[in-house]
Amino acid sequence: MKQREIHKFPLLSVSDVTVRFGGITALDKVSFEISKGSICGLIGPNGAGKTTLFNCMSRIYDPDRGDIFFEGQSILSLPTYKMSSLGMGRTFQNLALFPTMSVLNNVMTGGHHYTKSDYLSNALGLSWARKENRQAREAAMNLIDYLDLSPMMHSRVSTLPFGTQKRVELARALASRPKILLLDEPAGGLNHDEIEELKELILKIREKLNLTILLVEHHMNLVMQVSEQVAVLNFGKKIADGTPTQIQRHPEVIEAYLGTG
Amino acid sequence: MPEVENHAVHPDSKSGVPESSSKTIGLTDVEWRRLAFVLSLSFAVILPFVFEGFTTFQFTLAGIYAIAILGLNLLSGFNGQISLGHSTFYGIGAYTSAIMINQLEVPAYWTIPAAALICLSFGFIFGLTVTRLEGLYLALATFALAIATPQILKSKHVEQWTGGVQGLDVYKPDVPQALPLEADQWWYFVVLGILLLMLWCTKNLVNSRSGRAMIAIRDNPIAARSMGINTSLYKALTFGCSGLYAGTAGALSAIVIEYVAPDSFTFVLSFFFLTGMVIGGMASIPGVIFGALFVLFLPNFAEDFSKNLAYAIFGILLIATVYAMPSGSAGLFSAILTRLKQKLNQ
Ligand SMILES: Nc1ncnc2c1ncn2[C@@H]1O[C@H](COP(=O)(O)OP(=O)(O)OP(=O)(O)O)[C@@H](O)[C@H]1O
Ligand SMILES: [Mg+2]
């Protein structure tokens with residue numbers, strides 16, 4: 001891998017985050033930092049709390065304790081819908097597309113926060129609003145093309161296979177021009193070759209779009225090959241955090257996860 | 001944004017219309033749609049010259065219903081917010097117009113935008129207050145509006161404006177002198193014009209940034225929020241906009257019928273709008289016209305059939321219709337068109 005400059009400045013930092021659901025503690029005082037420009041893997045067995053952490057970062061869940069900082073600012077007082085304009089893009093483990101919309105409209109919706117046309121201008125079809133819509137469509141089509149989704153651009157997303165829908169979600173997340181991209185199991189439902197392609201894609205978009213990526217994935221090869229940093233969760237606790245090589249040698253990780261997987 | 005290597009952009013997709021290189025008897029889908037629109041419009045224009053006054057009047061009412069149903073469809077069909085309270089918005093629109101004409105002597109035409117704006121504000125505020133309610137709970141909240149309305153209109157406190165149980169008479173302005181039209185025909189065209197304007201606005205809206213936000217909220221509110229959509233604001237705005245449509249329709253009905261009374265705005269009217277929307281097709285824009293014709297003419301037809309059992313017959317016809325076209329007229333039409341296309345292209 002090419003040596004790249006990774007800034008020391010943490011783009012995102014999680015500090016002492018605790019989340020409880022009734023009796024269970026999904027996250028237990030989790031802290032870590034992601035440097036700008038890096039790819040960070042987040043691994044752990046089923047139910048370890050990875051998705052819960054994503055949901056805290058994207059303001060879907062409120063942590064019971066702790067704080068989350070993005071570019072040095074606490075995000076916990078912000079509403080969910082502000083996260084997108086802040087630069088937080090994400091995909092969902094079990095898909096959260098807009099099922100009745102076409103691929104194109106799904107991806108265009110990703111550009112909602114930086115387009116400005118209002119209700120009235122849209123209803124009256126004012127020319128600036130139409131122009132903005134055309135630009136949004138072109139931007140979306142470029143992404144669709146980039147992710148090889150052009151042939152199904154006008155299909156309803158709910159009619160597409162799971163793997164393709166995952167790619168539409170990625171396109172939608174990229175359409176929001178994120179600074180950090182949270183990917184929740186992007187390799188789910190993909191075969192070996194497709195996972196290789198995904199690996200290339202992740203590295204390529206990071207370079208091209210200047211992204212920082214947080215990657216939740218059960219596919220160990222993928223995580224270890226693309227990440228500069230890997231954090232490991234087990235029963236809501238962070239048990240390790242380091243380079244892929246360090247993680248692969250970490251005794252607790254081997255016991256909790258790698259050994260059984 | 002990524003600088004993408006090759007811009008393989010489909011020429012058709014610029015217009016936002018799904019690509020349809022396939023032609024049926026020499027015309028593309030878009031051209032067929034335009035043709036259908038021009039034909040229906042021509043038919044609508046000829047209609048008041050073919051039928052007698054009362055039938056024209058009924059078509060005028062159908063147009064007014066179509067406007068209200070369009071508003072309801074924007075809210076429920078596109079935004080996923082159910083409302084059983086549209087009789088209230090319709091009633092507020094009608095009374096705004098009636099009070100302004102009858103008591104303040106404002107020219108009738110000006111009362112239409114006034115009613116629209118009042119209902120827009122009311123809808124927006126109501127929408128904001130119920131923004132956390134969904135599904136059946138929202139249905140109940142809006143139903144509460146609908147059942148309260150007739151009594152409020154009759155109440156002693158507002159009687160001096162609303163005319164209480166008696167209601168209010170409304171004076172319909174004359175036909176502009178330059179036009180060789182009967183009053184029924186003129187008002188038919190006024191309603192047709194407003195309906196066309198609103199159909200056009202709705203089409204613009206649902207194909208825009210705001211429309212995508214509305215549909216996204218219906219499809220997946222959490223994902224919508226994550227994509228930067230202020231869901232509460234859009235839901236309230238859509239409620240307001242939907243109220244504007246219903247209020248406009250109400251104002252037109254007051255003028256055209258030349259009378260308002262509390263019992264014209266009971267919850268039954270809300271259910272008629274709901275029926276029209278479902279029969280026309282959820283989230284279908286042209287469907288609202290079919291839905292409006294259905295709820296206007298079917299009860300008449302049932303009544304002609306048997307006076308005593310009119311509602312029972314209406315009910316049976318309703319069930320039969322829902323059974324025959326489970327996804328509304330829009331679903332049925334598109335199924336027929338697909339079949340026809342296959343046949344013709346063989
Ligand atoms: N909304 C919720 N309500 C109740 N419990 C929840 C909720 N979300 C997550 N949990 C629980 O929190 C724990 C952590 O779940 P989470 O989905 O974060 O795990 P995960 O690491 O993403 O697992 P997987 O690899 O299976 O996706 C689990 O025990 C789960 O049952
Ligand atoms: Mg998960």
# chains A, B, ... in the order shown; residues from 1 in each chain; ligands from 1
call {"tool": "interface_residues", "arguments": {"of": "chain A", "to": "chain B", "cutoff": "7 Å", "atoms": "only C-alpha atoms", "output": "ChimeraX atom specification"}}
result
/A:80-85,96-100,109-110,112-113,117-119,122-125,133,142,146,154,177,208-209
call {"tool": "write_last_selection", "arguments": {"atoms": "C-alpha atoms", "output": "PDB file, in the first residue's frame"}}
result
ATOM      1  CA  THR A  80     -30.138  13.683  13.445  1.00  0.00           C
ATOM      2  CA  TYR A  81     -30.763  15.566  10.238  1.00  0.00           C
ATOM      3  CA  LYS A  82     -27.794  17.887  10.840  1.00  0.00           C
ATOM      4  CA  MET A  83     -25.294  15.039  10.703  1.00  0.00           C
ATOM      5  CA  SER A  84     -25.374  14.875   6.958  1.00  0.00           C
ATOM      6  CA  SER A  85     -24.406  18.519   6.454  1.00  0.00           C
ATOM      7  CA  ALA A  96     -32.353   1.663   4.828  1.00  0.00           C
ATOM      8  CA  LEU A  97     -33.100   2.723   1.293  1.00  0.00           C
ATOM      9  CA  PHE A  98     -36.281   4.396   0.110  1.00  0.00           C
ATOM     10  CA  PRO A  99     -37.823   1.252  -1.366  1.00  0.00           C
ATOM     11  CA  THR A 100     -40.423   2.807  -3.676  1.00  0.00           C
ATOM     12  CA  THR A 109     -31.890  12.253  -2.040  1.00  0.00           C
ATOM     13  CA  GLY A 110     -28.366  11.853  -0.687  1.00  0.00           C
ATOM     14  CA  HIS A 112     -30.549  16.861  -0.013  1.00  0.00           C
ATOM     15  CA  HIS A 113     -28.510  18.850   2.479  1.00  0.00           C
ATOM     16  CA  SER A 117     -34.546  24.773  -3.415  1.00  0.00           C
ATOM     17  CA  ASP A 118     -37.590  25.269  -1.214  1.00  0.00           C
ATOM     18  CA  TYR A 119     -41.119  23.963  -1.311  1.00  0.00           C
ATOM     19  CA  ASN A 122     -40.217  23.519  -6.388  1.00  0.00           C
ATOM     20  CA  ALA A 123     -43.999  23.617  -6.686  1.00  0.00           C
ATOM     21  CA  LEU A 124     -43.853  26.552  -9.097  1.00  0.00           C
ATOM     22  CA  GLY A 125     -41.021  24.950 -11.034  1.00  0.00           C
ATOM     23  CA  ASN A 133     -32.346  19.709  -9.757  1.00  0.00           C
ATOM     24  CA  ASN A 142     -21.886  10.391 -12.179  1.00  0.00           C
ATOM     25  CA  TYR A 146     -18.923   5.249 -11.013  1.00  0.00           C
ATOM     26  CA  HIS A 154     -34.491   3.855 -13.203  1.00  0.00           C
ATOM     27  CA  ARG A 177     -20.336  14.526   0.055  1.00  0.00           C
ATOM     28  CA  LYS A 208     -10.445  10.278  -4.646  1.00  0.00           C
ATOM     29  CA  LEU A 209     -12.868  11.886  -2.247  1.00  0.00           C
TER      30      LEU A 209
END
call {"tool": "residues_near_ligand", "arguments": {"ligand": "ligand 1", "cutoff": "12 Å", "atoms": "only C-alpha atoms and all ligand atoms", "output": "MDAnalysis selection string"}}
result
chainID A and resid 18:28 42:56 60:63 92:94 183:186 188 215:219 232:238 257
call {"tool": "atom_distance", "arguments": {"atom1": "atom CA of A:Gln73", "atom2": "atom CA of A:Thr243"}}
result
26.2 Å
call {"tool": "atom_distance", "arguments": {"atom1": "atom CA of B:Gly123", "atom2": "atom CA of B:Leu145"}}
result
11.4 Å
call {"tool": "closest_residue", "arguments": {"among": "A:Glu169, A:Asp64, A:Asp193, A:Glu71", "to": "A:Gly89", "atoms": "only C-alpha atoms"}}
result
A:Glu169
call {"tool": "closest_residue", "arguments": {"among": "A:Ser176, A:Ser155, A:Thr91, A:Ser74", "to": "ligand 2", "atoms": "only C-alpha atoms and all ligand atoms"}}
result
A:Thr91
call {"tool": "atom_distance", "arguments": {"atom1": "atom CA of B:Gly240", "atom2": "atom CA of B:Gly77"}}
result
15.1 Å
call {"tool": "residues_around", "arguments": {"residues": "A:Lys166", "least_positions_apart": "4", "cutoff": "7 Å", "atoms": "only C-alpha atoms", "output": "JSON, numbers by chain"}}
result
{"A": [95, 162, 170, 186]}
call {"tool": "select_by_dssp", "arguments": {"residues": "stretch 138-230 of chain A", "states": "strand (DSSP E or B)", "output": "tab-separated table (two decimals) with all heavy atoms, in the first residue's frame"}}
result
chain	number	residue	atom	x	y	z
A	156	ARG	N	-36.92	0.56	-9.55
A	156	ARG	CA	-37.27	0.68	-8.14
A	156	ARG	C	-36.24	-0.09	-7.33
A	156	ARG	O	-35.96	-1.25	-7.64
A	156	ARG	CB	-38.60	-0.06	-7.98
A	156	ARG	CG	-39.62	0.63	-7.17
A	156	ARG	CD	-40.87	-0.25	-7.21
A	156	ARG	NE	-42.05	0.58	-7.15
A	156	ARG	CZ	-42.84	0.63	-6.09
A	156	ARG	NH1	-42.62	-0.13	-5.03
A	156	ARG	NH2	-43.89	1.42	-6.08
A	180	ILE	N	-16.59	11.88	6.59
A	180	ILE	CA	-16.36	10.53	7.14
A	180	ILE	C	-17.49	9.63	6.68
A	180	ILE	O	-18.64	10.04	6.60
A	180	ILE	CB	-16.24	10.55	8.68
A	180	ILE	CG1	-15.79	9.18	9.19
A	180	ILE	CG2	-17.57	10.92	9.34
A	180	ILE	CD1	-15.35	9.20	10.65
A	181	LEU	N	-17.13	8.42	6.35
A	181	LEU	CA	-18.11	7.47	5.85
A	181	LEU	C	-18.16	6.30	6.80
A	181	LEU	O	-17.13	5.68	7.10
A	181	LEU	CB	-17.67	7.02	4.45
A	181	LEU	CG	-18.60	6.12	3.66
A	181	LEU	CD1	-19.94	6.80	3.42
A	181	LEU	CD2	-17.95	5.78	2.31
A	182	LEU	N	-19.34	6.01	7.33
A	182	LEU	CA	-19.51	4.87	8.22
A	182	LEU	C	-20.12	3.73	7.42
A	182	LEU	O	-21.26	3.85	6.94
A	182	LEU	CB	-20.43	5.24	9.39
A	182	LEU	CG	-20.19	6.56	10.13
A	182	LEU	CD1	-21.22	6.76	11.24
A	182	LEU	CD2	-18.78	6.60	10.72
A	183	LEU	N	-19.39	2.66	7.25
A	183	LEU	CA	-19.89	1.54	6.45
A	183	LEU	C	-20.21	0.36	7.37
A	183	LEU	O	-19.32	-0.18	8.02
A	183	LEU	CB	-18.84	1.11	5.41
A	183	LEU	CG	-18.43	2.15	4.37
A	183	LEU	CD1	-17.31	1.59	3.48
A	183	LEU	CD2	-19.62	2.55	3.51
A	184	ASP	N	-21.48	-0.01	7.43
A	184	ASP	CA	-21.89	-1.12	8.30
A	184	ASP	C	-22.04	-2.39	7.47
A	184	ASP	O	-23.04	-2.58	6.78
A	184	ASP	CB	-23.19	-0.77	9.04
A	184	ASP	CG	-23.38	-1.60	10.31
A	184	ASP	OD1	-22.66	-2.61	10.46
A	184	ASP	OD2	-24.24	-1.24	11.13
A	212	THR	N	-12.44	9.82	5.22
A	212	THR	CA	-12.05	9.03	6.37
A	212	THR	C	-13.14	7.95	6.46
A	212	THR	O	-14.31	8.25	6.27
A	212	THR	CB	-12.07	9.89	7.65
A	212	THR	OG1	-11.24	11.02	7.42
A	212	THR	CG2	-11.61	9.11	8.86
A	213	ILE	N	-12.73	6.72	6.70
A	213	ILE	CA	-13.74	5.65	6.66
A	213	ILE	C	-13.69	4.82	7.94
A	213	ILE	O	-12.61	4.45	8.42
A	213	ILE	CB	-13.51	4.73	5.43
A	213	ILE	CG1	-13.74	5.53	4.13
A	213	ILE	CG2	-14.46	3.52	5.47
A	213	ILE	CD1	-13.43	4.76	2.87
A	214	LEU	N	-14.87	4.58	8.49
A	214	LEU	CA	-14.99	3.67	9.61
A	214	LEU	C	-15.76	2.45	9.09
A	214	LEU	O	-16.87	2.59	8.59
A	214	LEU	CB	-15.74	4.34	10.77
A	214	LEU	CG	-15.90	3.52	12.04
A	214	LEU	CD1	-14.56	3.09	12.61
A	214	LEU	CD2	-16.65	4.32	13.11
A	215	LEU	N	-15.11	1.31	9.21
A	215	LEU	CA	-15.63	0.12	8.53
A	215	LEU	C	-15.98	-0.97	9.54
A	215	LEU	O	-15.10	-1.48	10.24
A	215	LEU	CB	-14.54	-0.38	7.56
A	215	LEU	CG	-14.74	-1.71	6.85
A	215	LEU	CD1	-15.88	-1.60	5.86
A	215	LEU	CD2	-13.45	-2.11	6.14
A	216	VAL	N	-17.27	-1.31	9.62
A	216	VAL	CA	-17.68	-2.45	10.42
A	216	VAL	C	-17.79	-3.63	9.48
A	216	VAL	O	-18.46	-3.53	8.45
A	216	VAL	CB	-19.05	-2.20	11.10
A	216	VAL	CG1	-19.64	-3.51	11.59
A	216	VAL	CG2	-18.89	-1.24	12.25
A	229	GLN	N	-6.00	1.21	11.10
A	229	GLN	CA	-6.27	1.08	12.53
A	229	GLN	C	-7.46	0.14	12.68
A	229	GLN	O	-8.38	0.17	11.87
A	229	GLN	CB	-6.62	2.47	13.08
A	229	GLN	CG	-6.98	2.52	14.55
A	229	GLN	CD	-7.68	3.82	14.93
A	229	GLN	OE1	-7.78	4.75	14.12
A	229	GLN	NE2	-8.18	3.89	16.15
A	230	VAL	N	-7.44	-0.70	13.71
A	230	VAL	CA	-8.58	-1.57	13.95
A	230	VAL	C	-8.94	-1.49	15.45
A	230	VAL	O	-8.06	-1.54	16.30
A	230	VAL	CB	-8.26	-3.04	13.59
A	230	VAL	CG1	-9.44	-3.95	13.94
A	230	VAL	CG2	-7.93	-3.18	12.10
call {"tool": "select_by_dssp", "arguments": {"residues": "stretch 2-206 of chain B", "states": "helix (DSSP H, G or I)", "output": "short mmCIF file (atom, residue, chain, number, x, y, z; two decimals) with C-alpha atoms, in the first residue's frame"}}
result
data_model
loop_
_atom_site.label_atom_id
_atom_site.label_comp_id
_atom_site.auth_asym_id
_atom_site.auth_seq_id
_atom_site.Cartn_x
_atom_site.Cartn_y
_atom_site.Cartn_z
CA PRO B 11 -29.62 11.21 -23.33
CA ASP B 12 -33.16 10.53 -22.20
CA SER B 13 -32.40 10.76 -18.55
CA LYS B 14 -31.76 14.52 -18.70
CA SER B 15 -35.47 15.11 -18.75
CA ASP B 29 -44.38 6.38 -23.53
CA VAL B 30 -43.90 10.07 -22.91
CA GLU B 31 -45.57 10.94 -26.20
CA TRP B 32 -48.47 8.65 -25.37
CA ARG B 33 -48.87 10.36 -22.03
CA ARG B 34 -48.89 13.78 -23.68
CA LEU B 35 -51.44 12.59 -26.19
CA ALA B 36 -53.65 11.23 -23.43
CA PHE B 37 -53.37 14.54 -21.61
CA VAL B 38 -54.28 16.61 -24.69
CA LEU B 39 -57.25 14.35 -25.44
CA SER B 40 -58.58 14.48 -21.87
CA LEU B 41 -58.13 18.22 -21.77
CA SER B 42 -60.00 18.69 -25.05
CA PHE B 43 -62.77 16.52 -23.70
CA ALA B 44 -62.87 18.57 -20.51
CA VAL B 45 -63.09 21.81 -22.49
CA ILE B 46 -65.93 20.59 -24.71
CA LEU B 47 -67.85 19.04 -21.83
CA PRO B 48 -69.83 22.10 -20.56
CA PHE B 49 -71.05 22.77 -24.11
CA VAL B 50 -72.32 19.23 -24.55
CA GLY B 53 -76.31 23.11 -16.79
CA PHE B 54 -76.87 20.73 -13.90
CA THR B 55 -74.45 18.14 -15.23
CA THR B 56 -71.88 20.87 -15.82
CA PHE B 57 -72.42 21.93 -12.22
CA GLN B 58 -71.79 18.38 -11.08
CA PHE B 59 -68.59 18.19 -13.06
CA THR B 60 -67.60 21.48 -11.44
CA LEU B 61 -68.11 19.86 -8.04
CA ALA B 62 -66.08 16.86 -9.18
CA GLY B 63 -63.27 19.25 -10.10
CA ILE B 64 -63.49 20.81 -6.63
CA TYR B 65 -63.37 17.37 -5.02
CA ALA B 66 -60.39 16.51 -7.21
CA ILE B 67 -58.51 19.51 -5.78
CA ALA B 68 -59.26 18.40 -2.21
CA ILE B 69 -58.36 14.79 -2.97
CA LEU B 70 -55.14 15.93 -4.61
CA GLY B 71 -54.24 17.71 -1.38
CA LEU B 72 -55.04 14.61 0.64
CA ASN B 73 -52.99 12.48 -1.71
CA LEU B 74 -50.01 14.78 -1.33
CA LEU B 75 -50.22 14.26 2.42
CA SER B 76 -51.12 10.58 2.63
CA GLY B 77 -50.03 9.14 -0.70
CA PHE B 78 -46.71 10.90 -1.02
CA HIS B 86 -59.77 17.10 5.56
CA SER B 87 -63.41 18.00 5.89
CA THR B 88 -62.19 20.54 8.45
CA PHE B 89 -59.78 22.21 6.06
CA TYR B 90 -62.43 22.16 3.36
CA GLY B 91 -64.91 23.67 5.83
CA ILE B 92 -62.51 26.37 6.98
CA GLY B 93 -61.89 27.28 3.35
CA ALA B 94 -65.61 27.39 2.61
CA TYR B 95 -66.43 29.50 5.66
CA THR B 96 -63.52 31.86 5.08
CA SER B 97 -64.83 32.54 1.62
CA ALA B 98 -68.47 32.77 2.73
CA ILE B 99 -67.77 35.12 5.64
CA MET B 100 -65.59 37.38 3.52
CA ILE B 101 -68.18 37.57 0.76
CA ASN B 102 -71.31 37.71 2.90
CA ALA B 108 -65.39 36.42 -4.38
CA TYR B 109 -62.25 35.80 -6.40
CA TRP B 110 -60.05 37.32 -3.70
CA THR B 111 -61.52 35.05 -1.06
CA ILE B 112 -60.05 31.99 -2.77
CA PRO B 113 -56.38 32.84 -2.13
CA ALA B 114 -57.36 34.12 1.31
CA ALA B 115 -58.96 30.79 2.19
CA ALA B 116 -55.94 28.99 0.74
CA LEU B 117 -53.52 30.95 2.93
CA ILE B 118 -55.58 30.55 6.08
CA CYS B 119 -55.76 26.80 5.55
CA LEU B 120 -52.05 26.71 4.75
CA SER B 121 -51.27 28.32 8.10
CA PHE B 122 -53.73 26.17 9.98
CA GLY B 123 -52.42 23.03 8.30
CA PHE B 124 -48.82 23.96 9.04
CA ILE B 125 -49.50 24.62 12.71
CA PHE B 126 -51.61 21.50 13.06
CA GLY B 127 -48.94 19.54 11.21
CA LEU B 128 -46.26 20.77 13.59
CA THR B 129 -48.26 19.78 16.64
CA GLY B 135 -50.51 5.83 11.61
CA LEU B 136 -53.63 5.21 13.66
CA TYR B 137 -52.76 7.87 16.22
CA LEU B 138 -52.56 10.49 13.53
CA ALA B 139 -55.82 9.18 12.11
CA LEU B 140 -57.45 9.69 15.52
CA ALA B 141 -56.05 13.19 15.96
CA THR B 142 -57.32 14.29 12.57
CA PHE B 143 -60.62 12.53 13.13
CA ALA B 144 -61.00 14.65 16.27
CA LEU B 145 -60.76 17.75 14.09
CA ALA B 146 -63.40 16.41 11.76
CA ILE B 147 -65.96 15.62 14.45
CA ALA B 148 -65.43 18.89 16.27
CA THR B 149 -65.86 21.11 13.24
CA PRO B 150 -69.65 21.15 12.62
CA GLN B 151 -70.36 21.82 16.31
CA ILE B 152 -67.84 24.61 16.49
CA LEU B 153 -69.38 26.21 13.41
CA LYS B 154 -72.80 26.06 15.05
CA LYS B 156 -73.14 30.46 19.97
CA HIS B 157 -69.73 32.11 20.25
CA VAL B 158 -69.10 32.29 16.55
CA GLU B 159 -72.70 32.44 15.38
CA GLN B 160 -72.52 36.11 14.49
CA TRP B 161 -69.97 35.27 11.79
CA THR B 162 -70.89 31.76 10.76
CA GLY B 164 -74.96 29.20 13.22
CA VAL B 165 -77.12 26.28 12.16
CA GLN B 166 -78.63 28.38 9.37
CA ALA B 183 -72.66 31.03 -15.05
CA ASP B 184 -72.35 27.23 -14.75
CA GLN B 185 -70.00 27.11 -17.67
CA TRP B 186 -67.87 30.00 -16.42
CA TRP B 187 -67.43 28.49 -12.96
CA TYR B 188 -66.69 25.14 -14.50
CA PHE B 189 -63.78 26.76 -16.33
CA VAL B 190 -62.61 28.64 -13.25
CA VAL B 191 -62.45 25.35 -11.34
CA LEU B 192 -60.84 23.56 -14.28
CA GLY B 193 -58.16 26.24 -14.48
CA ILE B 194 -57.39 26.05 -10.77
CA LEU B 195 -57.38 22.26 -10.88
CA LEU B 196 -54.93 22.27 -13.78
CA LEU B 197 -52.70 24.73 -11.98
CA MET B 198 -52.69 22.55 -8.88
CA LEU B 199 -52.07 19.37 -10.84
CA TRP B 200 -49.11 21.08 -12.48
CA CYS B 201 -47.73 22.32 -9.14
CA THR B 202 -48.12 18.88 -7.62
CA LYS B 203 -46.30 17.27 -10.50
CA ASN B 204 -43.47 19.79 -10.15
CA LEU B 205 -43.38 19.27 -6.44
CA VAL B 206 -43.20 15.48 -6.36
#
call {"tool": "residues_around", "arguments": {"residues": "A:Val107", "least_positions_apart": "2", "cutoff": "8 Å", "atoms": "only C-alpha atoms", "output": "PyMOL selection string"}}
result
chain A and resi 103-105+109-111+140+144+168-169+171-173+175
call {"tool": "residues_around", "arguments": {"residues": "A:Val14", "least_positions_apart": "4", "cutoff": "6 Å", "atoms": "only C-alpha atoms", "output": "list of chain:residue names"}}
result
A:Ser31, A:Phe32, A:Ile68
call {"tool": "write_last_selection", "arguments": {"atoms": "C-alpha atoms", "output": "PDB file, in the first residue's frame"}}
result
ATOM      1  CA  SER A  31     -13.456   5.501  23.736  1.00  0.00           C
ATOM      2  CA  PHE A  32     -11.416   5.805  20.586  1.00  0.00           C
ATOM      3  CA  ILE A  68     -18.815  12.144  20.688  1.00  0.00           C
TER       4      ILE A  68
END
call {"tool": "residues_around", "arguments": {"residues": "stretch 189-191 of chain A", "least_positions_apart": "5", "cutoff": "10 Å", "atoms": "only C-alpha atoms", "output": "list in words"}}
result
Pro161, Phe162, Gly163, Thr164, Lys166, Glu196, Glu197 and Leu198 of chain A
call {"tool": "write_last_selection", "arguments": {"atoms": "all heavy atoms", "output": "PDB file, in the first residue's frame"}}
result
ATOM      1  N   PRO A 161     -31.316  -6.990  -6.296  1.00  0.00           N
ATOM      2  CA  PRO A 161     -30.710  -7.918  -5.333  1.00  0.00           C
ATOM      3  C   PRO A 161     -30.026  -7.176  -4.187  1.00  0.00           C
ATOM      4  O   PRO A 161     -29.632  -6.009  -4.336  1.00  0.00           O
ATOM      5  CB  PRO A 161     -29.667  -8.681  -6.155  1.00  0.00           C
ATOM      6  CG  PRO A 161     -29.813  -8.255  -7.555  1.00  0.00           C
ATOM      7  CD  PRO A 161     -30.722  -7.093  -7.630  1.00  0.00           C
ATOM      8  N   PHE A 162     -29.867  -7.871  -3.061  1.00  0.00           N
ATOM      9  CA  PHE A 162     -29.312  -7.280  -1.837  1.00  0.00           C
ATOM     10  C   PHE A 162     -27.967  -6.588  -2.082  1.00  0.00           C
ATOM     11  O   PHE A 162     -27.767  -5.434  -1.683  1.00  0.00           O
ATOM     12  CB  PHE A 162     -29.156  -8.382  -0.780  1.00  0.00           C
ATOM     13  CG  PHE A 162     -28.766  -7.890   0.575  1.00  0.00           C
ATOM     14  CD1 PHE A 162     -29.710  -7.322   1.409  1.00  0.00           C
ATOM     15  CD2 PHE A 162     -27.460  -8.009   1.023  1.00  0.00           C
ATOM     16  CE1 PHE A 162     -29.365  -6.875   2.679  1.00  0.00           C
ATOM     17  CE2 PHE A 162     -27.097  -7.555   2.288  1.00  0.00           C
ATOM     18  CZ  PHE A 162     -28.050  -6.991   3.110  1.00  0.00           C
ATOM     19  N   GLY A 163     -27.078  -7.279  -2.783  1.00  0.00           N
ATOM     20  CA  GLY A 163     -25.744  -6.723  -3.021  1.00  0.00           C
ATOM     21  C   GLY A 163     -25.811  -5.413  -3.797  1.00  0.00           C
ATOM     22  O   GLY A 163     -25.077  -4.465  -3.504  1.00  0.00           O
ATOM     23  N   THR A 164     -26.700  -5.359  -4.777  1.00  0.00           N
ATOM     24  CA  THR A 164     -26.867  -4.139  -5.571  1.00  0.00           C
ATOM     25  C   THR A 164     -27.449  -3.021  -4.714  1.00  0.00           C
ATOM     26  O   THR A 164     -27.018  -1.874  -4.794  1.00  0.00           O
ATOM     27  CB  THR A 164     -27.805  -4.415  -6.760  1.00  0.00           C
ATOM     28  OG1 THR A 164     -27.425  -5.637  -7.358  1.00  0.00           O
ATOM     29  CG2 THR A 164     -27.737  -3.297  -7.787  1.00  0.00           C
ATOM     30  N   LYS A 166     -26.996  -2.655  -1.624  1.00  0.00           N
ATOM     31  CA  LYS A 166     -25.904  -2.164  -0.770  1.00  0.00           C
ATOM     32  C   LYS A 166     -25.085  -1.123  -1.520  1.00  0.00           C
ATOM     33  O   LYS A 166     -24.642  -0.131  -0.954  1.00  0.00           O
ATOM     34  CB  LYS A 166     -25.005  -3.332  -0.340  1.00  0.00           C
ATOM     35  CG  LYS A 166     -25.621  -4.174   0.745  1.00  0.00           C
ATOM     36  CD  LYS A 166     -24.722  -4.220   1.961  1.00  0.00           C
ATOM     37  CE  LYS A 166     -25.540  -3.949   3.200  1.00  0.00           C
ATOM     38  NZ  LYS A 166     -24.815  -4.012   4.449  1.00  0.00           N
ATOM     39  N   GLU A 196     -13.313  -8.636  -3.294  1.00  0.00           N
ATOM     40  CA  GLU A 196     -12.062  -8.073  -3.828  1.00  0.00           C
ATOM     41  C   GLU A 196     -12.326  -6.711  -4.474  1.00  0.00           C
ATOM     42  O   GLU A 196     -11.594  -5.747  -4.256  1.00  0.00           O
ATOM     43  CB  GLU A 196     -11.444  -9.017  -4.866  1.00  0.00           C
ATOM     44  CG  GLU A 196     -10.646 -10.170  -4.254  1.00  0.00           C
ATOM     45  CD  GLU A 196      -9.545  -9.671  -3.318  1.00  0.00           C
ATOM     46  OE1 GLU A 196      -8.680  -8.902  -3.786  1.00  0.00           O
ATOM     47  OE2 GLU A 196      -9.584 -10.036  -2.123  1.00  0.00           O
ATOM     48  N   GLU A 197     -13.394  -6.649  -5.262  1.00  0.00           N
ATOM     49  CA  GLU A 197     -13.766  -5.384  -5.914  1.00  0.00           C
ATOM     50  C   GLU A 197     -14.082  -4.314  -4.891  1.00  0.00           C
ATOM     51  O   GLU A 197     -13.685  -3.161  -5.034  1.00  0.00           O
ATOM     52  CB  GLU A 197     -14.994  -5.574  -6.816  1.00  0.00           C
ATOM     53  CG  GLU A 197     -14.696  -6.202  -8.155  1.00  0.00           C
ATOM     54  CD  GLU A 197     -15.986  -6.517  -8.905  1.00  0.00           C
ATOM     55  OE1 GLU A 197     -16.983  -5.769  -8.717  1.00  0.00           O
ATOM     56  OE2 GLU A 197     -16.004  -7.510  -9.655  1.00  0.00           O
ATOM     57  N   LEU A 198     -14.815  -4.733  -3.860  1.00  0.00           N
ATOM     58  CA  LEU A 198     -15.192  -3.784  -2.815  1.00  0.00           C
ATOM     59  C   LEU A 198     -13.946  -3.204  -2.147  1.00  0.00           C
ATOM     60  O   LEU A 198     -13.880  -2.005  -1.866  1.00  0.00           O
ATOM     61  CB  LEU A 198     -16.080  -4.488  -1.781  1.00  0.00           C
ATOM     62  CG  LEU A 198     -16.511  -3.619  -0.594  1.00  0.00           C
ATOM     63  CD1 LEU A 198     -17.462  -2.526  -1.049  1.00  0.00           C
ATOM     64  CD2 LEU A 198     -17.180  -4.468   0.486  1.00  0.00           C
TER      65      LEU A 198
END
